[in-house]
file input26.csv (CSV, C-alpha atoms and all ligand atoms)
chain,number,residue,atom,x,y,z
A,545,MET,CA,8.3,0.6,-0.8
A,546,ILE,CA,6.7,-2.6,-2.1
A,547,PHE,CA,4.9,-5.5,-0.6
A,548,GLN,CA,6.2,-8.7,-2.1
A,549,THR,CA,4.2,-11.3,-0.3
A,550,LEU,CA,1.3,-11.4,2.2
A,551,LYS,CA,0.3,-14.2,4.5
A,552,LEU,CA,-3.0,-14.0,6.5
A,553,PHE,CA,-4.0,-16.2,9.3
A,554,ASN,CA,-7.5,-15.8,10.9
A,555,PHE,CA,-7.8,-12.2,9.7
A,556,LYS,CA,-11.4,-11.3,9.1
A,557,ASN,CA,-12.9,-13.8,6.6
A,558,PHE,CA,-9.5,-15.3,5.7
A,559,ALA,CA,-8.7,-18.5,7.6
A,560,GLU,CA,-5.5,-18.7,5.7
A,561,GLY,CA,-4.3,-16.8,2.7
A,562,SER,CA,-1.1,-16.3,0.8
A,563,LEU,CA,-0.5,-13.8,-2.0
A,564,ALA,CA,2.6,-12.9,-4.0
A,565,PHE,CA,2.4,-9.4,-5.5
A,566,VAL,CA,4.0,-7.7,-8.4
A,567,PRO,CA,5.8,-4.3,-7.9
A,568,ALA,CA,3.4,-2.4,-10.1
A,569,ILE,CA,-0.4,-3.0,-10.3
A,570,ASN,CA,-2.2,-5.6,-8.3
A,571,CYS,CA,-6.0,-6.0,-8.8
A,572,LEU,CA,-8.3,-7.8,-6.4
A,573,VAL,CA,-11.6,-8.8,-8.0
A,574,GLY,CA,-14.6,-10.8,-6.8
A,575,ASN,CA,-18.2,-10.4,-5.8
A,576,ASN,CA,-19.3,-8.2,-2.9
A,577,GLY,CA,-18.4,-9.4,0.6
A,578,MET,CA,-15.7,-11.8,-0.6
A,579,GLY,CA,-12.7,-10.2,1.1
A,580,LYS,CA,-11.1,-7.8,-1.4
A,581,THR,CA,-11.1,-4.8,1.0
A,582,ASN,CA,-9.9,-7.1,3.8
A,583,VAL,CA,-6.7,-7.7,1.8
A,584,LEU,CA,-6.1,-3.9,1.6
A,585,ASP,CA,-7.0,-3.6,5.3
A,586,ALA,CA,-4.3,-6.2,6.1
A,587,LEU,CA,-1.7,-4.1,4.3
A,588,HIS,CA,-3.0,-1.0,6.1
A,589,TYR,CA,-2.6,-2.9,9.4
A,590,LEU,CA,1.0,-3.6,8.7
A,591,ALA,CA,1.7,0.0,7.8
A,592,THR,CA,-0.2,1.8,10.6
A,593,GLY,CA,-0.9,-0.9,13.2
A,594,LYS,CA,-4.6,-0.4,12.8
A,595,SER,CA,-7.5,-1.3,10.6
A,596,ALA,CA,-8.8,1.4,8.3
A,597,ILE,CA,-12.3,0.0,8.8
A,598,ASN,CA,-12.8,-1.2,12.4
A,599,PRO,CA,-10.6,0.4,15.0
A,600,VAL,CA,-11.3,-2.4,17.5
A,601,ASP,CA,-8.5,-5.0,17.0
A,602,ALA,CA,-10.7,-7.9,18.3
A,603,ALA,CA,-13.3,-7.2,15.7
A,604,ASN,CA,-10.8,-8.1,13.0
A,605,VAL,CA,-10.1,-11.6,14.3
A,606,ARG,CA,-12.0,-14.2,12.3
A,607,HIS,CA,-15.2,-15.0,14.1
A,608,GLY,CA,-14.8,-17.8,16.6
A,609,GLU,CA,-11.0,-17.6,16.7
A,610,GLU,CA,-8.6,-16.3,19.4
A,611,GLY,CA,-6.3,-14.0,17.3
A,612,PHE,CA,-4.9,-13.2,13.9
A,613,SER,CA,-1.6,-12.7,12.2
A,614,ILE,CA,-0.6,-10.8,9.1
A,615,LYS,CA,2.9,-11.2,7.7
A,616,ALA,CA,4.5,-9.6,4.7
A,617,ALA,CA,7.8,-9.5,3.0
A,618,CYS,CA,8.6,-6.0,1.9
A,619,GLU,CA,11.3,-4.2,0.1
A,620,ARG,CA,12.2,-0.7,1.1
A,621,ASN,CA,14.9,1.2,-0.8
A,622,GLY,CA,16.8,-2.0,-1.5
A,623,THR,CA,16.4,-3.4,2.1
A,624,SER,CA,14.3,-6.5,2.8
A,625,LEU,CA,11.9,-6.3,5.7
A,626,GLU,CA,9.7,-9.0,7.1
A,627,VAL,CA,6.8,-7.4,9.0
A,628,LEU,CA,4.6,-9.4,11.3
A,629,CYS,CA,1.5,-8.1,13.1
A,630,THR,CA,-0.3,-10.3,15.6
A,631,VAL,CA,-3.3,-9.8,17.7
A,632,GLN,CA,-4.1,-12.4,20.3
A,633,ALA,CA,-6.9,-12.3,23.0
A,634,GLY,CA,-5.4,-11.2,26.3
A,635,ARG,CA,-2.1,-10.1,24.9
A,636,ARG,CA,-0.7,-6.8,23.8
A,637,LYS,CA,-0.8,-6.3,20.0
A,638,SER,CA,2.6,-7.0,18.5
A,639,ILE,CA,4.4,-5.6,15.5
A,640,LYS,CA,7.7,-7.1,14.6
A,641,VAL,CA,10.1,-6.0,11.9
A,642,ASN,CA,12.8,-8.6,11.0
A,643,SER,CA,11.8,-10.5,14.2
A,644,LYS,CA,12.4,-7.4,16.4
A,645,GLU,CA,9.5,-6.1,18.4
A,646,GLN,CA,8.6,-2.5,17.7
A,647,GLU,CA,8.3,-1.2,21.2
A,648,ARG,CA,6.1,1.7,20.4
A,649,LEU,CA,3.7,2.1,17.5
A,650,SER,CA,5.0,5.6,17.1
A,651,ASP,CA,8.4,4.1,16.1
A,652,HIS,CA,6.8,2.0,13.4
A,653,LEU,CA,4.7,4.7,11.7
A,654,GLY,CA,6.2,5.8,8.5
A,655,LEU,CA,8.3,2.7,7.8
A,656,LEU,CA,5.8,1.4,5.4
A,657,PRO,CA,3.9,4.4,4.1
A,658,VAL,CA,0.6,3.7,2.4
A,659,VAL,CA,-2.1,6.0,1.0
A,660,LEU,CA,-5.6,4.6,1.0
A,661,ILE,CA,-8.4,6.0,-1.1
A,662,ALA,CA,-11.7,4.4,0.1
A,663,PRO,CA,-15.4,4.9,-0.4
A,664,ASP,CA,-15.8,6.3,3.1
A,665,ASP,CA,-13.3,9.0,2.5
A,666,ILE,CA,-15.9,11.5,1.3
A,667,THR,CA,-16.6,11.9,5.1
A,668,LEU,CA,-13.4,14.0,5.0
A,669,ILE,CA,-15.4,16.6,3.2
A,670,TYR,CA,-18.9,16.1,4.7
A,671,ASP,CA,-18.2,15.3,8.4
A,672,GLY,CA,-17.0,17.6,11.1
A,673,ASN,CA,-13.5,18.7,11.8
A,674,GLU,CA,-12.5,15.6,13.6
A,675,ALA,CA,-12.1,13.6,10.4
A,676,ARG,CA,-10.0,16.4,8.9
A,677,ARG,CA,-7.8,16.7,12.0
A,678,ARG,CA,-7.3,13.0,11.9
A,679,PHE,CA,-6.3,13.1,8.2
A,680,PHE,CA,-3.7,15.8,8.7
A,681,ASP,CA,-2.5,14.5,12.0
A,682,SER,CA,-1.9,11.0,10.6
A,683,THR,CA,-0.1,12.4,7.6
A,684,ILE,CA,2.2,14.5,9.6
A,685,SER,CA,2.8,11.8,12.2
A,686,GLN,CA,4.1,9.4,9.6
A,687,PHE,CA,7.2,11.5,9.2
A,688,ASP,CA,7.5,14.0,12.1
A,689,LYS,CA,8.1,12.1,15.3
A,690,THR,CA,8.3,15.2,17.4
A,691,TYR,CA,4.9,16.2,16.3
A,692,LEU,CA,3.5,12.8,17.1
A,693,HIS,CA,5.2,13.0,20.5
A,694,HIS,CA,3.5,16.3,21.3
A,695,LEU,CA,0.2,15.1,20.0
A,696,LEU,CA,0.3,12.1,22.4
A,697,ARG,CA,1.3,14.3,25.3
A,698,TYR,CA,-1.4,16.7,24.5
A,699,GLN,CA,-4.0,14.0,24.3
A,700,ARG,CA,-3.0,12.6,27.6
A,701,ALA,CA,-3.0,16.0,29.3
A,702,LEU,CA,-6.4,16.8,27.8
A,703,LYS,CA,-7.9,13.6,29.1
A,704,GLN,CA,-6.5,14.2,32.6
A,705,ARG,CA,-7.7,17.8,32.6
A,706,ASN,CA,-11.2,16.7,31.5
A,707,SER,CA,-11.5,14.1,34.2
A,708,LEU,CA,-10.4,16.7,36.8
A,709,LEU,CA,-13.1,19.0,35.5
A,710,LYS,CA,-15.6,16.2,36.0
A,711,GLN,CA,-14.3,15.5,39.5
A,712,PHE,CA,-14.8,19.2,40.4
A,713,ALA,CA,-18.3,19.1,39.2
A,714,GLN,CA,-19.1,15.9,41.1
A,715,SER,CA,-17.5,17.0,44.4
A,716,GLY,CA,-18.7,20.5,44.2
A,717,ARG,CA,-15.2,21.7,45.1
A,718,THR,CA,-13.1,23.5,42.4
A,719,ASP,CA,-9.4,24.1,42.8
A,720,PRO,CA,-8.0,25.8,39.7
A,721,GLN,CA,-4.5,25.3,40.9
A,722,MET,CA,-4.8,21.6,40.3
A,723,LEU,CA,-5.4,22.3,36.6
A,724,ALA,CA,-2.1,24.3,36.3
A,725,PRO,CA,0.2,21.4,35.3
A,726,TYR,CA,-2.2,20.3,32.6
A,727,ASP,CA,-2.7,23.8,31.3
A,728,HIS,CA,1.0,24.1,31.1
A,729,GLN,CA,1.3,20.8,29.0
A,730,LEU,CA,-1.6,21.8,26.8
A,731,LEU,CA,0.1,25.2,26.1
A,732,THR,CA,3.6,23.8,25.5
A,733,SER,CA,2.5,20.9,23.2
A,734,GLY,CA,-0.3,23.0,21.8
A,735,ARG,CA,2.1,25.6,20.5
A,736,ALA,CA,4.4,23.1,19.0
A,737,ILE,CA,1.5,21.3,17.2
A,738,TYR,CA,0.0,24.6,16.0
A,739,GLU,CA,3.3,25.7,14.5
A,740,VAL,CA,3.8,22.5,12.6
A,741,ARG,CA,0.2,22.5,11.4
A,742,GLN,CA,0.4,26.0,10.2
A,743,THR,CA,3.6,25.5,8.2
A,744,PHE,CA,2.5,22.1,6.9
A,745,LEU,CA,-0.8,23.4,5.7
A,746,ALA,CA,0.7,26.3,3.7
A,747,SER,CA,2.7,24.0,1.5
A,748,PHE,CA,0.1,21.2,1.4
A,749,THR,CA,-2.6,23.6,0.3
A,750,SER,CA,-0.6,25.0,-2.7
A,751,ARG,CA,0.3,21.6,-4.0
A,752,CYS,CA,-3.3,20.3,-3.4
A,753,ALA,CA,-4.7,23.3,-5.4
A,754,GLN,CA,-2.4,22.5,-8.3
A,755,LEU,CA,-3.3,18.8,-8.3
A,756,TYR,CA,-7.0,19.7,-8.1
A,757,LYS,CA,-6.6,21.7,-11.3
A,758,GLU,CA,-4.9,18.8,-13.0
A,759,ILE,CA,-7.6,16.3,-12.0
A,760,SER,CA,-10.7,18.4,-12.5
A,761,GLN,CA,-9.3,20.2,-15.6
A,762,GLU,CA,-11.1,23.2,-14.3
A,763,HIS,CA,-10.0,26.6,-13.2
A,764,GLU,CA,-11.7,27.1,-9.8
A,765,GLN,CA,-9.4,27.8,-6.9
A,766,ILE,CA,-9.5,25.5,-4.0
A,767,ALA,CA,-8.1,26.3,-0.6
A,768,ILE,CA,-7.7,24.8,2.8
A,769,VAL,CA,-8.4,27.3,5.5
A,770,TYR,CA,-6.9,26.5,8.9
A,771,GLU,CA,-8.5,28.0,12.0
A,772,SER,CA,-7.0,27.6,15.4
A,773,THR,CA,-7.5,29.3,18.8
A,774,TRP,CA,-3.8,29.7,18.7
A,775,GLN,CA,-4.2,32.4,16.1
A,776,GLN,CA,-5.2,34.7,18.8
A,777,ASP,CA,-2.6,36.7,20.5
A,778,GLN,CA,-2.5,35.2,23.9
A,779,PRO,CA,-3.6,31.6,24.2
A,780,GLU,CA,-2.8,31.6,27.9
A,781,GLN,CA,-5.5,34.1,28.4
A,782,LEU,CA,-8.0,32.0,26.5
A,783,TYR,CA,-7.6,29.1,29.0
A,784,HIS,CA,-8.2,31.6,31.8
A,785,GLU,CA,-11.3,33.1,30.2
A,786,ALA,CA,-12.7,29.7,29.3
A,787,LEU,CA,-12.5,28.3,32.8
A,788,PRO,CA,-16.1,29.1,33.9
A,789,ARG,CA,-17.4,27.5,30.7
A,790,ASP,CA,-15.0,24.5,31.0
A,791,LEU,CA,-16.2,23.9,34.6
A,792,ALA,CA,-19.9,24.1,33.5
A,793,LEU,CA,-19.4,21.8,30.5
A,794,GLN,CA,-16.9,19.6,32.3
A,795,ARG,CA,-14.5,19.5,29.4
A,796,THR,CA,-11.8,21.7,27.9
A,797,THR,CA,-13.3,24.0,25.3
A,798,VAL,CA,-10.3,25.7,23.9
A,799,GLY,CA,-7.1,24.4,22.3
A,800,ILE,CA,-5.7,22.7,19.3
A,801,HIS,CA,-8.1,19.7,19.7
A,802,ARG,CA,-10.7,22.2,18.5
A,803,ASP,CA,-8.8,23.4,15.4
A,804,ALA,CA,-10.8,23.5,12.2
A,805,TYR,CA,-9.9,22.9,8.6
A,806,HIS,CA,-12.3,24.3,5.9
A,807,PHE,CA,-12.1,23.3,2.3
A,808,THR,CA,-13.2,26.1,0.0
A,809,ILE,CA,-13.7,26.5,-3.7
A,810,ASP,CA,-13.5,30.0,-5.0
A,811,GLY,CA,-13.9,31.1,-1.4
A,812,ARG,CA,-17.1,29.1,-0.7
A,813,PRO,CA,-17.3,26.0,1.4
A,814,VAL,CA,-17.0,22.9,-0.8
A,815,LYS,CA,-19.2,20.9,1.6
A,816,ARG,CA,-22.2,23.1,0.8
A,817,PHE,CA,-21.5,24.6,-2.6
A,818,GLY,CA,-19.2,22.1,-4.4
A,819,SER,CA,-20.8,19.8,-7.0
A,820,GLN,CA,-20.3,16.1,-6.5
A,821,GLY,CA,-17.6,16.0,-9.2
A,822,GLN,CA,-15.8,18.9,-7.5
A,823,GLN,CA,-15.9,17.1,-4.2
A,824,LYS,CA,-14.6,13.9,-5.7
A,825,SER,CA,-11.8,15.8,-7.4
A,826,LEU,CA,-10.9,17.5,-4.2
A,827,LEU,CA,-10.8,14.1,-2.4
A,828,VAL,CA,-8.4,12.6,-5.0
A,829,ALA,CA,-6.3,15.8,-4.9
A,830,LEU,CA,-6.0,15.6,-1.1
A,831,LYS,CA,-4.9,12.0,-1.2
A,832,LEU,CA,-2.4,12.5,-4.0
A,833,THR,CA,-0.9,15.4,-2.1
A,834,GLN,CA,-0.7,13.2,0.9
A,835,PHE,CA,1.1,10.6,-1.3
A,836,GLU,CA,3.6,13.2,-2.5
A,837,VAL,CA,4.3,14.6,1.0
A,838,LEU,CA,4.9,11.1,2.3
A,839,GLN,CA,7.1,10.3,-0.6
A,840,GLN,CA,9.3,13.3,0.0
A,841,GLN,CA,9.3,13.1,3.8
A,842,ALA,CA,9.4,9.3,4.4
A,843,GLY,CA,12.1,8.9,1.7
A,844,THR,CA,10.4,6.0,0.0
A,845,THR,CA,7.4,5.8,-2.5
A,846,PRO,CA,4.2,4.9,-0.6
A,847,VAL,CA,2.0,2.1,-1.7
A,848,LEU,CA,-1.3,3.3,-3.1
A,849,LEU,CA,-4.4,1.3,-2.0
A,850,LEU,CA,-7.5,2.1,-4.2
A,851,ASP,CA,-10.6,0.6,-2.8
A,852,ASP,CA,-13.7,0.6,-5.1
A,853,ILE,CA,-12.7,3.8,-6.8
A,854,TYR,CA,-14.5,3.0,-10.0
A,855,ASP,CA,-17.8,3.2,-8.2
A,856,LYS,CA,-16.9,6.5,-6.7
A,857,LEU,CA,-15.1,8.4,-9.4
A,858,ASP,CA,-16.3,9.0,-12.9
A,859,ASN,CA,-14.4,7.9,-16.0
A,860,ASP,CA,-12.7,11.2,-16.7
A,861,ARG,CA,-11.2,11.3,-13.2
A,862,ILE,CA,-10.2,7.6,-13.4
A,863,ALA,CA,-8.5,8.2,-16.7
A,864,ILE,CA,-6.5,11.1,-15.3
A,865,LEU,CA,-5.5,8.9,-12.3
A,866,LEU,CA,-4.4,6.1,-14.6
A,867,GLN,CA,-2.4,8.5,-16.8
A,868,MET,CA,-0.5,9.4,-13.7
A,869,VAL,CA,0.0,5.6,-13.0
A,870,ARG,CA,1.3,5.2,-16.6
A,871,GLY,CA,3.5,8.2,-16.2
A,872,GLY,CA,5.3,6.5,-13.3
A,873,HIS,CA,3.9,8.9,-10.8
A,874,PHE,CA,3.3,6.0,-8.4
A,875,GLY,CA,5.0,2.9,-7.2
A,876,GLN,CA,3.0,-0.2,-6.2
A,877,ILE,CA,-0.7,0.0,-6.5
A,878,PHE,CA,-3.6,-2.2,-5.2
A,879,ILE,CA,-7.0,-1.9,-6.8
A,880,THR,CA,-10.2,-3.6,-5.8
A,881,ASP,CA,-13.2,-4.1,-8.0
A,882,ALA,CA,-16.4,-6.2,-7.9
A,883,HIS,CA,-16.5,-6.2,-11.7
A,884,PRO,CA,-13.6,-8.2,-13.2
A,885,GLU,CA,-14.6,-7.3,-16.7
A,886,ARG,CA,-14.4,-3.6,-15.9
A,887,THR,CA,-10.9,-4.1,-14.5
A,888,GLN,CA,-9.9,-6.0,-17.6
A,889,HIS,CA,-11.3,-3.3,-19.8
A,890,ILE,CA,-9.6,-0.4,-18.0
A,891,LEU,CA,-6.2,-2.3,-18.0
A,892,ALA,CA,-6.5,-3.0,-21.7
A,893,GLU,CA,-7.6,0.5,-22.6
A,894,ASN,CA,-4.7,2.1,-20.7
A,895,LYS,CA,-2.2,-0.7,-21.7
A,896,LEU,CA,-1.4,-1.5,-18.2
A,897,PRO,CA,0.1,-4.9,-17.1
A,898,ALA,CA,-1.2,-6.2,-13.8
A,899,ARG,CA,-1.6,-9.2,-11.6
A,900,ILE,CA,-5.2,-10.1,-11.0
A,901,PHE,CA,-6.3,-12.0,-7.9
A,902,THR,CA,-9.8,-13.4,-7.7
A,903,ILE,CA,-11.1,-13.5,-4.1
A,904,THR,CA,-13.9,-15.9,-3.2
A,905,GLU,CA,-15.1,-16.1,0.4
A,906,GLY,CA,-11.8,-15.4,2.0
A,907,GLN,CA,-9.7,-17.4,-0.4
A,908,VAL,CA,-7.6,-16.6,-3.4
A,909,THR,CA,-9.3,-18.8,-6.0
A,910,ASP,CA,-7.4,-17.5,-9.1
A,911,CYS,CA,-4.3,-15.5,-9.8
A,912,ARG,CA,-3.1,-14.5,-13.3
A,913,ASP,CA,-0.9,-12.0,-14.9
A,914,TYR,CA,-2.4,-9.7,-17.5
A,915,GLU,CA,-0.2,-8.4,-20.3
A,916,PRO,CA,-1.7,-5.8,-22.7
B,1001,LIG,N1,-14.0,-10.7,12.1
B,1001,LIG,C1,-14.5,-11.3,11.0
B,1001,LIG,N2,-14.6,-12.6,10.9
B,1001,LIG,C2,-15.1,-13.2,9.8
B,1001,LIG,N3,-15.6,-12.6,8.7
B,1001,LIG,C3,-15.5,-11.2,8.8
B,1001,LIG,C4,-14.9,-10.5,9.9
B,1001,LIG,N4,-15.0,-9.2,9.6
B,1001,LIG,C5,-15.5,-9.1,8.4
B,1001,LIG,N5,-15.8,-10.3,7.9
B,1001,LIG,C6,-16.4,-10.6,6.6
B,1001,LIG,O1,-15.7,-10.1,5.5
B,1001,LIG,C7,-16.5,-9.9,4.5
B,1001,LIG,C8,-16.3,-8.5,3.9
B,1001,LIG,O2,-15.1,-8.5,3.3
B,1001,LIG,P1,-14.7,-7.2,2.4
B,1001,LIG,O3,-15.1,-6.0,3.0
B,1001,LIG,O4,-13.2,-7.4,2.1
B,1001,LIG,O5,-15.5,-7.5,1.1
B,1001,LIG,P2,-15.3,-7.0,-0.4
B,1001,LIG,O6,-14.8,-8.1,-1.2
B,1001,LIG,O7,-14.4,-5.8,-0.4
B,1001,LIG,O8,-16.7,-6.6,-0.8
B,1001,LIG,P3,-17.3,-5.3,-1.6
B,1001,LIG,O9,-17.2,-5.6,-3.0
B,1001,LIG,O10,-18.7,-5.3,-1.2
B,1001,LIG,O11,-16.6,-4.1,-1.1
B,1001,LIG,C9,-17.9,-9.9,4.9
B,1001,LIG,O12,-18.5,-11.1,4.4
B,1001,LIG,C10,-17.8,-10.0,6.4
B,1001,LIG,O13,-18.8,-10.7,7.0
B,1002,MG,MG,-14.8,-3.8,-0.5
call {"tool": "encode", "arguments": {"input": "input26.csv", "output": "structure tokens", "more": "lines below"}}
Ligand SMILES: Nc1ncnc2c1ncn2[C@@H]1O[C@H](COP(=O)(O)OP(=O)(O)OP(=O)(O)O)[C@@H](O)[C@H]1O
Ligand SMILES: [Mg+2]
result
Amino acid sequence: MIFQTLKLFNFKNFAEGSLAFVPAINCLVGNNGMGKTNVLDALHYLATGKSAINPVDAANVRHGEEGFSIKAACERNGTSLEVLCTVQAGRRKSIKVNSKEQERLSDHLGLLPVVLIAPDDITLIYDGNEARRRFFDSTISQFDKTYLHHLLRYQRALKQRNSLLKQFAQSGRTDPQMLAPYDHQLLTSGRAIYEVRQTFLASFTSRCAQLYKEISQEHEQIAIVYESTWQQDQPEQLYHEALPRDLALQRTTVGIHRDAYHFTIDGRPVKRFGSQGQQKSLLVALKLTQFEVLQQQAGTTPVLLLDDIYDKLDNDRIAILLQMVRGGHFGQIFITDAHPERTQHILAENKLPARIFTITEGQVTDCRDYEP
């Protein structure tokens, strides 16, 4: 899949912007705070219906304006697609593909697969399990609609069950019978989700471990350990046993929403025992595995969005990544960098042609093609 053109209107610091991309490497350069990441975020919006930075739609509208629109011409396996995302105060967010409204976001996911590597991603390793669950859920949801469907149903039932637990606490009257339909939904969808996660993780982990070795050029063994309450024999029993605790805490304390993913290196948690370099290698390996999975499952090559990677990865790792770029491992790529001379140098050193956009205060002030 490739983005051919992008038009922005009142999106973040862009009043109006128009960019025409090349199918290979597109670089966005400019000083800090000029709008480079905002361009990547606009592409992320078209792909996922959401900002990768600020989940509140209204926060992405240019200050003082009523709404924004992002429009792109794309090419997916030989088919032209025009994708338009609009956010307008007081209206439902709209995503149109070739002028046809996508009724549900879940239908749209996966049409334009993108993989973003951004500075904040290190939270995948440092933060709690929620970040990791979100990473794996969003990866699987881009190609497995049944999974997404169960996930949405599970989340709805969980919310309803939790509010019922609160009601019980407030009224002082508990009626476990009323929980039964939600327990049933959590069990049905929970099992389906657990089974997909389990199978998915097995293949994801082995490929990730392989890529880790390529990137780090080291021999340690990384693993992703998946832990779920569903690994116990009788999950039904768990709900039953957890009821007193659920009532006391006014929330559901067992289920796949509490699943954990642990990254280990030679059996030890990466979070605590991995060096910074090992953590960075793991991060890149995770993202590249995500890239390959989406490529296989979505049936088209995802677009790679690399935000400020030069600051986060050392030269060796960047060189390996760029060798993969040269080897045709990827399709279209977007790279942001606050140092134009560094970008030039890296392109020249690796003999990579590219289109370079200079972004200044929400405007494209220069666009030139670099030929090595
Ligand atoms: N809703 C908004 N309305 C107007 N401007 C906004 C809005 N949201 C963000 N901005 C502005 O966008 C700018 C940040 O843009 P962006 O993150 O793309 O910068 P950048 O070029 O990637 O910088 P860096 O090199 O520091 O990463 C900031 O100046 C911020 O004030
Ligand atoms: Mg940025």
call {"tool": "closest_atom_pairs", "arguments": {"input": "input26.csv", "of": "chain A", "to": "ligand LIG 1001 (chain B)", "cutoff": "9 Å", "atoms": "only C-alpha atoms and all ligand atoms", "output": "tab-separated table"}}
result
residue	atom	partner	partner_atom	distance
A:Asn554	CA	B:LIG1001	N2	7.8
A:Phe555	CA	B:LIG1001	N1	6.8
A:Lys556	CA	B:LIG1001	C1	3.6
A:Asn557	CA	B:LIG1001	N3	3.6
A:Phe558	CA	B:LIG1001	C2	7.3
A:Ala559	CA	B:LIG1001	C2	8.6
A:Leu572	CA	B:LIG1001	O6	8.3
A:Val573	CA	B:LIG1001	O6	7.5
A:Gly574	CA	B:LIG1001	O6	6.2
A:Asn575	CA	B:LIG1001	O9	5.6
A:Asn576	CA	B:LIG1001	O9	3.3
A:Gly577	CA	B:LIG1001	O5	3.5
A:Met578	CA	B:LIG1001	O6	3.9
A:Gly579	CA	B:LIG1001	O4	3.0
A:Lys580	CA	B:LIG1001	O6	3.7
A:Thr581	CA	B:LIG1001	O4	3.5
A:Asn582	CA	B:LIG1001	O4	3.7
A:Val583	CA	B:LIG1001	O4	6.5
A:Leu584	CA	B:LIG1001	O4	7.9
A:Asp585	CA	B:LIG1001	O4	7.9
A:Ile597	CA	B:LIG1001	O3	8.8
A:Asn598	CA	B:LIG1001	N4	8.8
A:Ala602	CA	B:LIG1001	N1	7.6
A:Ala603	CA	B:LIG1001	N1	5.1
A:Asn604	CA	B:LIG1001	N1	4.2
A:Val605	CA	B:LIG1001	N1	4.6
A:Arg606	CA	B:LIG1001	N2	3.4
A:His607	CA	B:LIG1001	N2	4.0
A:Gly608	CA	B:LIG1001	N2	7.7
A:Glu609	CA	B:LIG1001	N2	8.5
A:Asp851	CA	B:LIG1001	O11	7.8
A:Asp852	CA	B:LIG1001	O11	6.8
A:Thr880	CA	B:LIG1001	O7	7.2
A:Asp881	CA	B:LIG1001	O9	6.6
A:Ala882	CA	B:LIG1001	O9	5.0
A:His883	CA	B:LIG1001	O9	8.7
A:Ile903	CA	B:LIG1001	O6	7.2
A:Thr904	CA	B:LIG1001	O6	8.1
A:Glu905	CA	B:LIG1001	O12	7.2
A:Gly906	CA	B:LIG1001	O1	7.5
call {"tool": "residues_around", "arguments": {"input": "input26.csv", "residues": "stretch 621-623 of chain A", "least_positions_apart": "6", "cutoff": "9 Å", "atoms": "all atoms listed in the file", "output": "MDAnalysis selection string"}}
result
chainID A and resid 545 843:845
call {"tool": "write_last_selection", "arguments": {"input": "input26.csv", "atoms": "C-alpha atoms", "output": "PDB file, in the coordinates of the input"}}
result
ATOM      1  CA  MET A 545       8.300   0.600  -0.800  1.00  0.00           C
ATOM      2  CA  GLY A 843      12.100   8.900   1.700  1.00  0.00           C
ATOM      3  CA  THR A 844      10.400   6.000   0.000  1.00  0.00           C
ATOM      4  CA  THR A 845       7.400   5.800  -2.500  1.00  0.00           C
TER       5      THR A 845
END
call {"tool": "closest_residue", "arguments": {"input": "input26.csv", "among": "A:Leu708, A:Leu830, A:Val837, A:Ala662", "to": "ligand MG 1002 (chain B)", "atoms": "only C-alpha atoms and all ligand atoms"}}
result
A:Ala662
call {"tool": "atom_distance", "arguments": {"input": "input26.csv", "atom1": "atom CA of A:Lys689", "atom2": "atom CA of A:Ile768"}}
result
23.8 Å
call {"tool": "closest_residue", "arguments": {"input": "input26.csv", "among": "A:Leu832, A:Ile661, A:Arg676, A:Gln699", "to": "ligand MG 1002 (chain B)", "atoms": "all atoms listed in the file"}}
result
A:Ile661
call {"tool": "residues_around", "arguments": {"input": "input26.csv", "residues": "A:Val631", "least_positions_apart": "3", "cutoff": "6 Å", "atoms": "all atoms listed in the file", "output": "list in words"}}
result
Gly611, Phe612 and Lys637 of chain A
call {"tool": "atom_distance", "arguments": {"input": "input26.csv", "atom1": "atom CA of A:Glu758", "atom2": "atom CA of A:Met868"}}
result
10.4 Å
call {"tool": "atom_distance", "arguments": {"input": "input26.csv", "atom1": "atom CA of A:Ala713", "atom2": "atom CA of A:Pro788"}}
result
11.5 Å
call {"tool": "residues_around", "arguments": {"input": "input26.csv", "residues": "A:Gln834", "least_positions_apart": "4", "cutoff": "12 Å", "atoms": "only C-alpha atoms", "output": "JSON, numbers by chain"}}
result
{"A": [657, 658, 659, 660, 661, 679, 680, 681, 682, 683, 684, 685, 686, 687, 744, 745, 747, 748, 749, 751, 752, 755, 827, 828, 829, 830, 838, 839, 840, 841, 842, 845, 846, 847, 848]}
call {"tool": "closest_residue", "arguments": {"input": "input26.csv", "among": "A:Leu826, A:Ser733, A:Gln820, A:Tyr854", "to": "ligand MG 1002 (chain B)", "atoms": "only C-alpha atoms and all ligand atoms"}}
result
A:Tyr854
call {"tool": "residues_around", "arguments": {"input": "input26.csv", "residues": "A:Asp913", "least_positions_apart": "2", "cutoff": "12 Å", "atoms": "only C-alpha atoms", "output": "list of chain:residue names"}}
result
A:Ala564, A:Phe565, A:Val566, A:Ala568, A:Ile569, A:Asn570, A:Cys571, A:Gln888, A:Leu891, A:Leu896, A:Pro897, A:Ala898, A:Arg899, A:Ile900, A:Phe901, A:Thr902, A:Asp910, A:Cys911, A:Glu915, A:Pro916
call {"tool": "residues_around", "arguments": {"input": "input26.csv", "residues": "A:Ile759", "least_positions_apart": "6", "cutoff": "7 Å", "atoms": "all atoms listed in the file", "output": "ChimeraX atom specification"}}
result
/A:825,861,864
call {"tool": "closest_residue", "arguments": {"input": "input26.csv", "among": "A:Leu850, A:Leu731, A:Leu563, A:Glu739", "to": "A:Thr909", "atoms": "all atoms listed in the file"}}
result
A:Leu563
call {"tool": "closest_residue", "arguments": {"input": "input26.csv", "among": "A:Arg812, A:Asp855, A:Tyr914, A:Asp777", "to": "ligand MG 1002 (chain B)", "atoms": "only C-alpha atoms and all ligand atoms"}}
result
A:Asp855
call {"tool": "decode", "arguments": {"input": "input26.csv", "residues": "stretch 727-731 of chain A", "atoms": "C-alpha atoms", "output": "CSV table (one decimal), in the first residue's frame"}}
result
chain,number,residue,atom,x,y,z
A,727,ASP,CA,-20.4,-13.4,33.1
A,728,HIS,CA,-21.7,-15.4,30.2
A,729,GLN,CA,-20.5,-12.8,27.7
A,730,LEU,CA,-17.1,-12.4,29.4
A,731,LEU,CA,-16.7,-16.2,29.3
